[in-house]
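The file protein-v4.cif comes next; it holds mmCIF, C-alpha atoms and all ligand atoms.
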```cif
data_structure
loop_
_atom_site.group_PDB
_atom_site.id
_atom_site.type_symbol
_atom_site.label_atom_id
_atom_site.label_comp_id
_atom_site.auth_asym_id
_atom_site.auth_seq_id
_atom_site.Cartn_x
_atom_site.Cartn_y
_atom_site.Cartn_z
ATOM 1 C CA MET A 221 37.656 43.925 -25.093
ATOM 2 C CA LYS A 222 38.158 40.880 -22.914
ATOM 3 C CA LEU A 223 35.943 38.454 -24.846
ATOM 4 C CA VAL A 224 35.415 34.968 -23.432
ATOM 5 C CA SER A 225 34.219 32.628 -26.181
ATOM 6 C CA ARG A 226 31.638 29.931 -25.570
ATOM 7 C CA SER A 227 34.285 27.238 -25.651
ATOM 8 C CA GLU A 228 36.414 29.200 -23.167
ATOM 9 C CA TRP A 229 33.648 29.319 -20.578
ATOM 10 C CA GLY A 230 32.553 25.788 -21.330
ATOM 11 C CA ALA A 231 29.147 26.417 -22.863
ATOM 12 C CA ALA A 232 26.809 23.532 -23.569
ATOM 13 C CA ASP A 233 25.667 23.353 -27.188
ATOM 14 C CA PRO A 234 22.264 24.897 -27.944
ATOM 15 C CA THR A 235 19.444 22.394 -28.275
ATOM 16 C CA GLY A 236 17.988 24.065 -31.363
ATOM 17 C CA SER A 237 18.963 26.510 -34.066
ATOM 18 C CA TYR A 238 19.156 30.254 -33.530
ATOM 19 C CA THR A 239 16.956 32.734 -35.344
ATOM 20 C CA ARG A 240 19.336 34.845 -37.373
ATOM 21 C CA ILE A 241 19.198 38.648 -37.310
ATOM 22 C CA SER A 242 21.341 41.099 -39.228
ATOM 23 C CA SER A 243 20.768 44.252 -37.207
ATOM 24 C CA THR A 244 19.089 45.594 -34.085
ATOM 25 C CA ARG A 245 18.077 49.020 -32.800
ATOM 26 C CA GLY A 246 20.646 48.714 -30.061
ATOM 27 C CA VAL A 247 21.273 46.894 -26.813
ATOM 28 C CA LYS A 248 19.224 46.213 -23.706
ATOM 29 C CA ILE A 249 20.945 45.862 -20.348
ATOM 30 C CA HIS A 250 19.904 43.160 -17.884
ATOM 31 C CA TYR A 251 20.849 42.027 -14.428
ATOM 32 C CA GLU A 252 20.393 38.562 -13.015
ATOM 33 C CA GLY A 253 17.545 39.469 -10.695
ATOM 34 C CA SER A 254 18.570 36.744 -8.229
ATOM 35 C CA PRO A 255 21.387 36.389 -5.693
ATOM 36 C CA VAL A 256 24.875 36.759 -7.194
ATOM 37 C CA PRO A 257 27.595 35.462 -4.871
ATOM 38 C CA ASP A 258 30.058 38.007 -3.466
ATOM 39 C CA ALA A 259 32.745 35.338 -3.794
ATOM 40 C CA LEU A 260 32.894 36.076 -7.532
ATOM 41 C CA LEU A 261 34.376 39.494 -6.811
ATOM 42 C CA ALA A 262 37.653 38.159 -5.483
ATOM 43 C CA ASP A 263 38.069 35.342 -7.963
ATOM 44 C CA HIS A 264 37.536 35.651 -11.708
ATOM 45 C CA ASP A 265 38.211 31.927 -11.998
ATOM 46 C CA ARG A 266 34.699 31.408 -10.660
ATOM 47 C CA CYS A 267 33.034 33.526 -13.359
ATOM 48 C CA ALA A 268 32.991 30.869 -16.089
ATOM 49 C CA GLY A 269 31.245 28.478 -13.717
ATOM 50 C CA HIS A 270 28.710 31.166 -12.903
ATOM 51 C CA VAL A 271 27.926 31.658 -16.604
ATOM 52 C CA ARG A 272 27.556 27.889 -16.990
ATOM 53 C CA ALA A 273 25.089 27.939 -14.074
ATOM 54 C CA ILE A 274 23.040 30.686 -15.746
ATOM 55 C CA GLN A 275 22.988 28.697 -18.965
ATOM 56 C CA ALA A 276 21.987 25.504 -17.146
ATOM 57 C CA SER A 277 19.129 27.230 -15.325
ATOM 58 C CA HIS A 278 17.861 28.798 -18.548
ATOM 59 C CA MET A 279 17.977 25.528 -20.448
ATOM 60 C CA ALA A 280 16.164 23.766 -17.589
ATOM 61 C CA ASN A 281 13.346 26.330 -17.681
ATOM 62 C CA ARG A 282 10.482 24.421 -19.306
ATOM 63 C CA ASP A 283 8.124 27.401 -19.283
ATOM 64 C CA GLU A 284 10.458 29.400 -21.495
ATOM 65 C CA GLY A 285 11.661 26.496 -23.602
ATOM 66 C CA TRP A 286 15.009 28.194 -24.145
ATOM 67 C CA ILE A 287 17.433 26.424 -26.481
ATOM 68 C CA ASP A 288 20.425 28.137 -24.857
ATOM 69 C CA ILE A 289 21.368 30.837 -22.400
ATOM 70 C CA ALA A 290 18.902 33.628 -23.124
ATOM 71 C CA TYR A 291 21.421 36.496 -23.226
ATOM 72 C CA SER A 292 23.583 37.669 -26.094
ATOM 73 C CA PHE A 293 26.469 38.345 -23.669
ATOM 74 C CA VAL A 294 27.143 38.175 -19.925
ATOM 75 C CA VAL A 295 29.632 40.587 -18.323
ATOM 76 C CA CYS A 296 31.378 39.683 -15.053
ATOM 77 C CA PRO A 297 32.587 42.030 -12.286
ATOM 78 C CA HIS A 298 36.091 41.854 -13.792
ATOM 79 C CA GLY A 299 34.930 43.232 -17.111
ATOM 80 C CA TYR A 300 35.103 40.020 -19.122
ATOM 81 C CA VAL A 301 32.452 39.716 -21.829
ATOM 82 C CA HIS A 302 31.183 36.134 -22.037
ATOM 83 C CA GLU A 303 29.655 35.200 -25.352
ATOM 84 C CA GLY A 304 26.088 33.936 -24.940
ATOM 85 C CA ARG A 305 24.031 33.621 -28.085
ATOM 86 C CA GLY A 306 26.424 36.152 -29.561
ATOM 87 C CA LEU A 307 26.097 38.387 -32.601
ATOM 88 C CA GLY A 308 23.700 37.799 -35.486
ATOM 89 C CA HIS A 309 21.362 35.702 -33.334
ATOM 90 C CA ARG A 310 18.064 36.666 -31.761
ATOM 91 C CA ASN A 311 18.292 36.480 -27.978
ATOM 92 C CA GLY A 312 15.638 35.161 -25.594
ATOM 93 C CA ALA A 313 15.839 37.652 -22.751
ATOM 94 C CA ASN A 314 13.968 40.838 -23.616
ATOM 95 C CA GLY A 315 10.411 39.599 -23.105
ATOM 96 C CA ASN A 316 9.009 38.482 -26.460
ATOM 97 C CA SER A 317 10.183 37.711 -29.970
ATOM 98 C CA ALA A 318 9.824 41.261 -31.236
ATOM 99 C CA LEU A 319 11.733 42.695 -28.283
ATOM 100 C CA ASN A 320 14.357 39.958 -28.624
ATOM 101 C CA ALA A 321 14.918 40.811 -32.265
ATOM 102 C CA GLY A 322 14.883 44.556 -31.538
ATOM 103 C CA HIS A 323 17.876 44.724 -29.218
ATOM 104 C CA TYR A 324 20.778 42.543 -28.205
ATOM 105 C CA ALA A 325 20.578 41.471 -24.552
ATOM 106 C CA VAL A 326 23.652 42.084 -22.407
ATOM 107 C CA CYS A 327 23.471 40.830 -18.815
ATOM 108 C CA ALA A 328 25.567 42.108 -15.922
ATOM 109 C CA MET A 329 26.534 39.832 -13.027
ATOM 110 C CA VAL A 330 24.574 41.990 -10.605
ATOM 111 C CA GLY A 331 21.670 40.682 -8.592
ATOM 112 C CA THR A 332 19.289 41.140 -5.715
ATOM 113 C CA SER A 333 21.772 40.132 -3.012
ATOM 114 C CA GLY A 334 25.510 39.522 -2.844
ATOM 115 C CA ILE A 335 26.745 41.659 -5.729
ATOM 116 C CA THR A 336 24.012 44.287 -6.007
ATOM 117 C CA SER A 337 25.819 47.110 -7.800
ATOM 118 C CA PRO A 338 28.207 47.128 -10.743
ATOM 119 C CA THR A 339 31.965 47.455 -10.359
ATOM 120 C CA ASP A 340 33.762 49.968 -12.592
ATOM 121 C CA ALA A 341 35.313 47.043 -14.467
ATOM 122 C CA LEU A 342 31.859 45.627 -15.093
ATOM 123 C CA LEU A 343 30.604 48.949 -16.479
ATOM 124 C CA ASP A 344 33.644 49.070 -18.742
ATOM 125 C CA GLY A 345 32.842 45.541 -19.893
ATOM 126 C CA LEU A 346 29.245 46.512 -20.635
ATOM 127 C CA VAL A 347 30.441 49.395 -22.791
ATOM 128 C CA ASP A 348 32.874 47.027 -24.537
ATOM 129 C CA ALA A 349 29.986 44.661 -25.252
ATOM 130 C CA ILE A 350 27.759 47.492 -26.507
ATOM 131 C CA GLU A 351 30.490 48.778 -28.820
ATOM 132 C CA TYR A 352 31.136 45.231 -30.075
ATOM 133 C CA CYS A 353 27.433 44.777 -30.863
ATOM 134 C CA ARG A 354 27.590 48.008 -32.842
ATOM 135 C CA SER A 355 30.825 47.471 -34.709
ATOM 136 C CA GLU A 356 30.393 43.772 -35.496
ATOM 137 C CA GLY A 357 26.738 42.921 -34.946
ATOM 138 C CA GLY A 358 24.743 45.648 -36.680
ATOM 139 C CA ALA A 359 23.411 47.165 -33.454
ATOM 140 C CA GLY A 360 22.031 50.681 -33.618
ATOM 141 C CA GLY A 361 22.715 53.424 -31.108
ATOM 142 C CA GLU A 362 20.077 52.700 -28.493
ATOM 143 C CA VAL A 363 21.047 51.588 -24.999
ATOM 144 C CA ARG A 364 18.018 50.694 -22.909
ATOM 145 C CA GLY A 365 17.100 48.665 -19.845
ATOM 146 C CA HIS A 366 15.081 45.452 -19.929
ATOM 147 C CA ARG A 367 12.329 47.422 -18.149
ATOM 148 C CA ASP A 368 12.032 49.734 -21.162
ATOM 149 C CA GLY A 369 9.329 47.955 -23.085
ATOM 150 C CA TYR A 370 8.615 45.149 -20.609
ATOM 151 C CA ALA A 371 7.194 45.044 -17.071
ATOM 152 C CA THR A 372 10.187 44.047 -14.938
ATOM 153 C CA ASP A 373 12.546 45.539 -12.359
ATOM 154 C CA CYS A 374 15.463 44.446 -14.517
ATOM 155 C CA PRO A 375 18.223 45.721 -14.702
ATOM 156 C CA GLY A 376 17.791 47.019 -11.128
ATOM 157 C CA ASP A 377 17.905 50.655 -10.071
ATOM 158 C CA ASP A 378 21.684 51.133 -10.133
ATOM 159 C CA LEU A 379 22.204 49.815 -13.637
ATOM 160 C CA TYR A 380 19.076 51.510 -14.902
ATOM 161 C CA ALA A 381 20.290 54.864 -13.594
ATOM 162 C CA TRP A 382 23.560 54.215 -15.441
ATOM 163 C CA VAL A 383 21.639 53.431 -18.638
ATOM 164 C CA GLN A 384 19.716 56.660 -18.224
ATOM 165 C CA ARG A 385 22.931 58.608 -17.830
ATOM 166 C CA GLY A 386 23.879 57.358 -21.278
ATOM 167 C CA ALA A 387 25.854 54.231 -20.313
ATOM 168 C CA PRO A 388 29.146 56.088 -19.752
ATOM 169 C CA ARG A 389 32.428 54.413 -19.040
ATOM 170 C CA PRO A 390 33.439 54.946 -15.412
ATOM 171 C CA GLU A 391 35.830 57.874 -14.925
ATOM 172 C CA GLY A 392 34.289 59.529 -17.967
ATOM 173 C CA GLY A 393 36.508 57.687 -20.455
ATOM 174 C CA GLY A 394 34.487 57.786 -23.634
ATOM 175 C CA GLY A 395 31.315 55.813 -23.088
ATOM 176 C CA ALA A 396 28.838 54.013 -25.245
ATOM 177 C CA GLN A 397 27.119 57.320 -25.575
ATOM 178 C CA PRO A 398 29.287 60.382 -24.945
ATOM 179 C CA ALA A 399 30.088 60.472 -21.251
ATOM 180 C CA PRO A 400 28.235 62.995 -19.128
ATOM 181 C CA GLN A 401 30.555 65.742 -17.982
ATOM 182 C CA PRO A 402 30.506 66.077 -14.207
ATOM 183 C CA SER A 403 28.948 69.386 -13.262
ATOM 184 C CA GLY A 404 32.089 69.847 -11.169
ATOM 185 C CA GLU A 405 31.938 73.038 -9.194
ATOM 186 C CA GLY A 406 28.146 72.984 -9.611
ATOM 187 C CA ALA A 407 25.967 75.160 -11.728
ATOM 188 C CA GLY A 408 26.076 78.227 -9.539
ATOM 189 C CA VAL A 409 25.596 79.846 -6.160
ATOM 190 C CA TYR A 410 22.278 80.987 -4.764
ATOM 191 C CA THR A 411 21.848 83.263 -1.758
ATOM 192 C CA VAL A 412 18.987 82.147 0.484
ATOM 193 C CA GLN A 413 16.121 84.667 0.658
ATOM 194 C CA PRO A 414 13.494 85.093 3.376
ATOM 195 C CA GLY A 415 10.817 82.418 3.059
ATOM 196 C CA ASP A 416 13.008 79.966 1.108
ATOM 197 C CA THR A 417 12.777 76.313 2.039
ATOM 198 C CA LEU A 418 15.116 73.643 0.838
ATOM 199 C CA SER A 419 12.329 71.687 -0.834
ATOM 200 C CA ALA A 420 11.074 74.783 -2.666
ATOM 201 C CA LEU A 421 14.626 75.489 -3.861
ATOM 202 C CA ALA A 422 15.042 71.863 -4.927
ATOM 203 C CA GLY A 423 11.912 72.207 -7.068
ATOM 204 C CA ARG A 424 12.957 75.528 -8.499
ATOM 205 C CA PHE A 425 16.439 74.347 -9.447
ATOM 206 C CA GLU A 426 15.297 70.910 -10.681
ATOM 207 C CA THR A 427 17.384 69.083 -8.117
ATOM 208 C CA SER A 428 16.606 67.150 -4.935
ATOM 209 C CA VAL A 429 16.758 68.087 -1.273
ATOM 210 C CA THR A 430 19.219 65.235 -0.815
ATOM 211 C CA GLN A 431 21.534 66.654 -3.473
ATOM 212 C CA LEU A 432 21.414 70.148 -1.976
ATOM 213 C CA VAL A 433 22.030 68.746 1.503
ATOM 214 C CA THR A 434 24.945 66.612 0.340
ATOM 215 C CA LEU A 435 26.557 69.226 -1.865
ATOM 216 C CA ASN A 436 26.363 71.927 0.821
ATOM 217 C CA GLY A 437 27.085 69.802 3.884
ATOM 218 C CA ILE A 438 23.821 70.859 5.506
ATOM 219 C CA SER A 439 23.229 69.091 8.836
ATOM 220 C CA ASP A 440 19.586 70.091 9.300
ATOM 221 C CA PRO A 441 17.483 70.810 6.205
ATOM 222 C CA ASP A 442 15.042 72.886 8.290
ATOM 223 C CA LEU A 443 17.745 75.295 9.332
ATOM 224 C CA ILE A 444 18.920 77.121 6.228
ATOM 225 C CA GLN A 445 19.666 80.760 6.987
ATOM 226 C CA VAL A 446 18.711 83.864 5.064
ATOM 227 C CA GLY A 447 21.872 85.072 3.358
ATOM 228 C CA GLN A 448 23.429 81.606 3.326
ATOM 229 C CA GLN A 449 25.094 80.741 0.022
ATOM 230 C CA LEU A 450 24.080 77.443 -1.502
ATOM 231 C CA GLN A 451 25.872 75.586 -4.273
ATOM 232 C CA ILE A 452 23.372 74.625 -6.954
ATOM 233 C CA PRO A 453 24.116 71.510 -9.056
ATOM 234 C CA ALA A 454 23.154 71.193 -12.718
ATOM 235 C CA PRO A 455 21.263 68.102 -13.834
ATOM 236 C CA PRO A 456 23.778 65.632 -15.303
ATOM 237 C CA PHE A 457 24.335 65.859 -19.039
ATOM 238 C CA PRO A 458 22.726 62.821 -20.664
ATOM 239 C CA GLY A 459 24.722 62.671 -23.905
ATOM 240 C CA ARG A 460 24.983 64.502 -27.203
ATOM 241 C CA GLU A 461 22.858 62.075 -29.171
ATOM 242 C CA PHE A 462 19.723 63.231 -27.347
ATOM 243 C CA PHE A 463 19.971 66.683 -28.921
ATOM 244 C CA VAL A 464 20.639 66.061 -32.583
ATOM 245 C CA LEU A 465 17.973 66.920 -35.136
ATOM 246 C CA GLY A 466 15.184 64.332 -34.978
ATOM 247 C CA ALA A 467 16.100 62.906 -31.556
ATOM 248 C CA HIS A 468 13.188 62.114 -29.279
ATOM 249 C CA SER A 469 13.448 61.945 -25.479
ATOM 250 C CA PRO A 470 12.394 63.723 -22.282
ATOM 251 C CA TYR A 471 15.823 65.398 -22.252
ATOM 252 C CA ALA A 472 14.842 67.337 -25.367
ATOM 253 C CA LYS A 473 11.891 68.839 -23.531
ATOM 254 C CA GLN A 474 14.030 69.660 -20.527
ATOM 255 C CA LEU A 475 16.556 71.512 -22.679
ATOM 256 C CA GLN A 476 13.838 73.281 -24.638
ATOM 257 C CA THR A 477 12.150 74.405 -21.426
ATOM 258 C CA TRP A 478 15.384 76.032 -20.351
ATOM 259 C CA LEU A 479 15.949 77.658 -23.751
ATOM 260 C CA GLN A 480 12.440 79.060 -23.585
ATOM 261 C CA ALA A 481 12.921 80.349 -20.021
ATOM 262 C CA GLY A 482 16.206 81.919 -21.104
ATOM 263 C CA ASP A 483 14.435 83.521 -24.088
ATOM 264 C CA TRP A 484 17.004 82.252 -26.578
ATOM 265 C CA GLY A 485 16.284 82.373 -30.291
ATOM 266 C CA PRO A 486 12.925 82.408 -32.059
ATOM 267 C CA ALA A 487 9.851 81.948 -29.853
ATOM 268 C CA TYR A 488 7.976 78.656 -29.856
ATOM 269 C CA ARG A 489 4.565 78.621 -31.454
ATOM 270 C CA VAL A 490 3.454 75.586 -29.482
ATOM 271 C CA GLY A 491 6.080 75.072 -26.822
ATOM 272 C CA PRO A 492 8.775 72.672 -25.721
ATOM 273 C CA SER A 493 8.376 69.085 -26.857
ATOM 274 C CA GLU A 494 10.278 65.814 -26.658
ATOM 275 C CA ASP A 495 11.391 66.168 -30.272
ATOM 276 C CA MET A 496 14.480 68.036 -31.421
ATOM 277 C CA GLU A 497 13.416 70.124 -34.390
ATOM 278 C CA SER A 498 15.236 72.731 -36.417
ATOM 279 C CA LEU A 499 13.728 75.548 -34.344
ATOM 280 C CA ASP A 500 15.284 73.985 -31.240
ATOM 281 C CA LEU A 501 18.691 73.923 -32.901
ATOM 282 C CA GLU A 502 18.230 77.598 -33.779
ATOM 283 C CA LYS A 503 17.557 78.347 -30.138
ATOM 284 C CA VAL A 504 20.665 76.430 -29.077
ATOM 285 C CA ALA A 505 22.669 78.323 -31.689
ATOM 286 C CA ALA A 506 21.371 81.650 -30.322
ATOM 287 C CA LEU A 507 22.593 80.714 -26.840
ATOM 288 C CA GLN A 508 25.946 79.638 -28.275
ATOM 289 C CA GLU A 509 26.253 82.858 -30.273
ATOM 290 C CA HIS A 510 25.754 84.929 -27.113
ATOM 291 C CA TYR A 511 28.536 83.062 -25.291
ATOM 292 C CA VAL A 512 30.505 82.314 -28.418
ATOM 293 C CA ASP A 513 33.882 82.418 -26.639
ATOM 294 C CA ASP A 514 32.765 79.579 -24.367
ATOM 295 C CA LEU A 515 30.253 77.740 -26.551
ATOM 296 C CA GLY A 516 31.268 78.439 -30.130
ATOM 297 C CA PRO A 517 30.978 77.531 -32.897
ATOM 298 C CA ALA A 518 27.254 78.270 -32.823
ATOM 299 C CA ASP A 519 26.344 75.036 -34.587
ATOM 300 C CA GLY A 520 23.182 74.245 -32.605
ATOM 301 C CA LEU A 521 24.643 71.002 -31.280
ATOM 302 C CA THR A 522 24.364 70.505 -27.535
ATOM 303 C CA GLY A 523 27.320 69.252 -25.529
ATOM 304 C CA PRO A 524 27.847 69.350 -21.765
ATOM 305 C CA VAL A 525 28.851 73.003 -21.551
ATOM 306 C CA THR A 526 25.988 74.228 -23.728
ATOM 307 C CA TRP A 527 23.673 72.099 -21.559
ATOM 308 C CA LEU A 528 25.091 73.770 -18.438
ATOM 309 C CA TYR A 529 24.748 77.293 -19.847
ATOM 310 C CA ALA A 530 21.163 76.617 -20.930
ATOM 311 C CA TYR A 531 20.385 75.489 -17.387
ATOM 312 C CA GLN A 532 22.174 78.423 -15.782
ATOM 313 C CA THR A 533 20.608 81.101 -17.955
ATOM 314 C CA ALA A 534 17.140 79.638 -17.381
ATOM 315 C CA HIS A 535 17.627 79.735 -13.631
ATOM 316 C CA GLY A 536 19.326 83.090 -13.193
ATOM 317 C CA LEU A 537 22.666 81.492 -12.342
ATOM 318 C CA ARG A 538 24.712 83.126 -15.106
ATOM 319 C CA ALA A 539 25.012 86.777 -16.064
ATOM 320 C CA ARG A 540 23.859 87.698 -19.570
HETATM 321 ZN ZN ZN B 601 16.363 41.328 -17.795
HETATM 322 ZN ZN ZN B 602 35.124 37.636 -13.838
#
```

Would you kindly transcribe this structure into structure tokens?
Amino acid sequence: MKLVSRSEWGAADPTGSYTRISSTRGVKIHYEGSPVPDALLADHDRCAGHVRAIQASHMANRDEGWIDIAYSFVVCPHGYVHEGRGLGHRNGANGNSALNAGHYAVCAMVGTSGITSPTDALLDGLVDAIEYCRSEGGAGGEVRGHRDGYATDCPGDDLYAWVQRGAPRPEGGGGAQPAPQPSGEGAGVYTVQPGDTLSALAGRFETSVTQLVTLNGISDPDLIQVGQQLQIPAPPFPGREFFVLGAHSPYAKQLQTWLQAGDWGPAYRVGPSEDMESLDLEKVAALQEHYVDDLGPADGLTGPVTWLYAYQTAHGLRAR
């Protein structure tokens, strides 16, 4: 990790003492939510000054009464991780004291104009910061956006989508949560039937018209032909941690819905839910047992290929 200490970026001293914390549930990702100059991109030498400006504006904010920069860390477009309040200290950025103690706050130099989307180096730096919070700062496994738990646009749509994908490293190299596997060739091929519309197919295959149009190079969405073969994409794999026993998320319900549609394992008494329970792992194991050459061992744990097969078998895209 390319850590830039407070003295290296020229931090002013805090005007009060930090509240100490020994652990958090994880990390929340922020963006600046204001213009971030493009000029930073070409010149890392400017980044320290930019962090000093953030600190100065925070410490001048009388409404908040901040004693220091509010963030735990700030990551620049070149992937450098600038130490803010650092590890073991409650931050001031997540919305209120409970939220600030619950997660470290890592801010990306991304804003509302100028630099509006993260560079690959910045995403790498965010993952470095997340892993550092975990290994040295007692952070738990959660990676969330500022908007999770507080009414704000932060961290912007691009970074929030990245958080929702499980905060992977770019190029799939590891990731704070296991990196989603690209669906690659797509989940399968569908032959257009009479009466099909692209929007109906998008609904049926849990994708979007835009994705179908892009993936298939369709010039006019109203003009799909009967007999035409369409590539169908699988929803991106969110990460293994969402499918372990006891995990709770909308992804659990999505997977369970597919397992139910594919009629794998013991039937549900109630139905799919957002909780991963032992019955769900049995259903996963039943799917894995059926395709044991591809998905074995049948341990009930869901990785990207099991996720793909569950999707395909629920949607008639893979032979049984
Ligand atoms: Zn924020
Ligand atoms: Zn930089």

Translate the PyMOL selection byres (((chain A and resi 238) around 12) and not hetatm), as applied to the file shown, into an explicit residue set as a JSON list (two decimals) with C-alpha atoms, keeping the file's coordinate frame.
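Dumped everything to expr-v8.json:
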```
[["chain", "number", "residue", "atom", "x", "y", "z"],
["A", 233, "ASP", "CA", 25.67, 23.35, -27.19],
["A", 234, "PRO", "CA", 22.26, 24.90, -27.94],
["A", 235, "THR", "CA", 19.44, 22.39, -28.28],
["A", 236, "GLY", "CA", 17.99, 24.06, -31.36],
["A", 237, "SER", "CA", 18.96, 26.51, -34.07],
["A", 239, "THR", "CA", 16.96, 32.73, -35.34],
["A", 240, "ARG", "CA", 19.34, 34.84, -37.37],
["A", 241, "ILE", "CA", 19.20, 38.65, -37.31],
["A", 286, "TRP", "CA", 15.01, 28.19, -24.14],
["A", 287, "ILE", "CA", 17.43, 26.42, -26.48],
["A", 288, "ASP", "CA", 20.42, 28.14, -24.86],
["A", 289, "ILE", "CA", 21.37, 30.84, -22.40],
["A", 290, "ALA", "CA", 18.90, 33.63, -23.12],
["A", 292, "SER", "CA", 23.58, 37.67, -26.09],
["A", 304, "GLY", "CA", 26.09, 33.94, -24.94],
["A", 305, "ARG", "CA", 24.03, 33.62, -28.08],
["A", 306, "GLY", "CA", 26.42, 36.15, -29.56],
["A", 307, "LEU", "CA", 26.10, 38.39, -32.60],
["A", 308, "GLY", "CA", 23.70, 37.80, -35.49],
["A", 309, "HIS", "CA", 21.36, 35.70, -33.33],
["A", 310, "ARG", "CA", 18.06, 36.67, -31.76],
["A", 311, "ASN", "CA", 18.29, 36.48, -27.98],
["A", 312, "GLY", "CA", 15.64, 35.16, -25.59],
["A", 320, "ASN", "CA", 14.36, 39.96, -28.62],
["A", 321, "ALA", "CA", 14.92, 40.81, -32.26]]
```

Could you list, with a cut-off of 6 Å and counting all atoms listed in the file, the residues of chain A near ligand ZN 602 (chain B), each shown with its nearest atom pair and the distance in Å rounded to one decimal, rows sorted by chain and ascending number, as a tab-separated table?
```
residue	atom	partner	partner_atom	distance
A:His264	CA	B:ZN602	ZN	3.8
A:Cys267	CA	B:ZN602	ZN	4.6
A:Cys296	CA	B:ZN602	ZN	4.4
A:Pro297	CA	B:ZN602	ZN	5.3
A:His298	CA	B:ZN602	ZN	4.3
A:Tyr300	CA	B:ZN602	ZN	5.8
```

Write out, as a tab-separated table (two decimals), in the coordinates of the input, the residues just selected, with C-alpha atoms.
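Output below, filename result-v2.tsv:
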```tsv
chain	number	residue	atom	x	y	z
A	264	HIS	CA	37.54	35.65	-11.71
A	267	CYS	CA	33.03	33.53	-13.36
A	296	CYS	CA	31.38	39.68	-15.05
A	297	PRO	CA	32.59	42.03	-12.29
A	298	HIS	CA	36.09	41.85	-13.79
A	300	TYR	CA	35.10	40.02	-19.12
```

*asked:* Report, in Å with one decimal, the straight-line distance from atom CA of A:Asp440 to atom CA of A:Ala534.
replied: 28.4 Å

*asked:* Neighbouring residues of ligand ZN 601 (chain B) are defined here as those with any atom at most 7 Å from a ligand atom, counting all atoms listed in the file; list them as an MDAnalysis selection string.
replied: chainID A and resid 249:252 313:314 366 374:375

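The residues caught by the PyMOL selection byres (((chain A and resi 443) around 12) and not hetatm) in this file are Val412, Gly415, Asp416, Thr417, Leu418, Val433, Ile438, Ser439, Asp440, Pro441, Asp442, Ile444, Gln445, Val446 and Gln448 of chain A.
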
Axis-aligned box over every listed atom of stretch 518-526 of chain A, padded by 6 Å per side: centre and edges in Å to one decimal, as JSON?
```
{"center_x": 26.0, "center_y": 73.8, "center_z": -28.1, "size_x": 17.7, "size_y": 21.0, "size_z": 25.0}
```

*What lies within 10 Å of A:Glu461 using all atoms listed in the file, ignoring chain neighbours under 3 positions off, as a PyMOL selection string?*
chain A and resi 361-362+386+397-398+458+464-468+521-523

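Omitting A:Ala472 and its sequence neighbours fewer than 3 positions away, and counting only C-alpha atoms, the residues within 9 Å are Phe462, Phe463, Ala467, His468, Ser469, Leu475, Gln476, Thr477, Pro492, Ser493, Glu494, Asp495, Met496 and Asp500 of chain A.
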
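In terms of minimum interatomic distance to A:Gly253, A:Gly376 ranks closest within A:Gly376, A:Gly423, A:Pro390, A:Pro470, counting all atoms listed in the file.
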
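Restricting the calculation to all atoms listed in the file, the smallest distance between A:Val525 and any of A:Asp368, A:Glu391, A:Asp377, A:Asp513 is found for A:Asp513.
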
*Translate the PyMOL selection byres (((chain A and resi 255) around 8) and not hetatm), as applied to the file shown, into an explicit residue set as a PyMOL selection string.*
chain A and resi 252-254+256-257+331-335

*So which one's closest to A:Ala349, A:Leu501, A:Ala407, A:Val224, A:Ala276? Using only C-alpha atoms, please.*
A:Val224

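In terms of minimum interatomic distance to A:Ser277, A:Ala232 ranks closest within A:Ala232, A:Val347, A:Ala262, A:Leu435, counting only C-alpha atoms.
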
*Given all atoms listed in the file as the counted atoms, nearest of A:Val409, A:Leu346, A:Ala505, A:Ala359 to A:Gly246*: A:Ala359
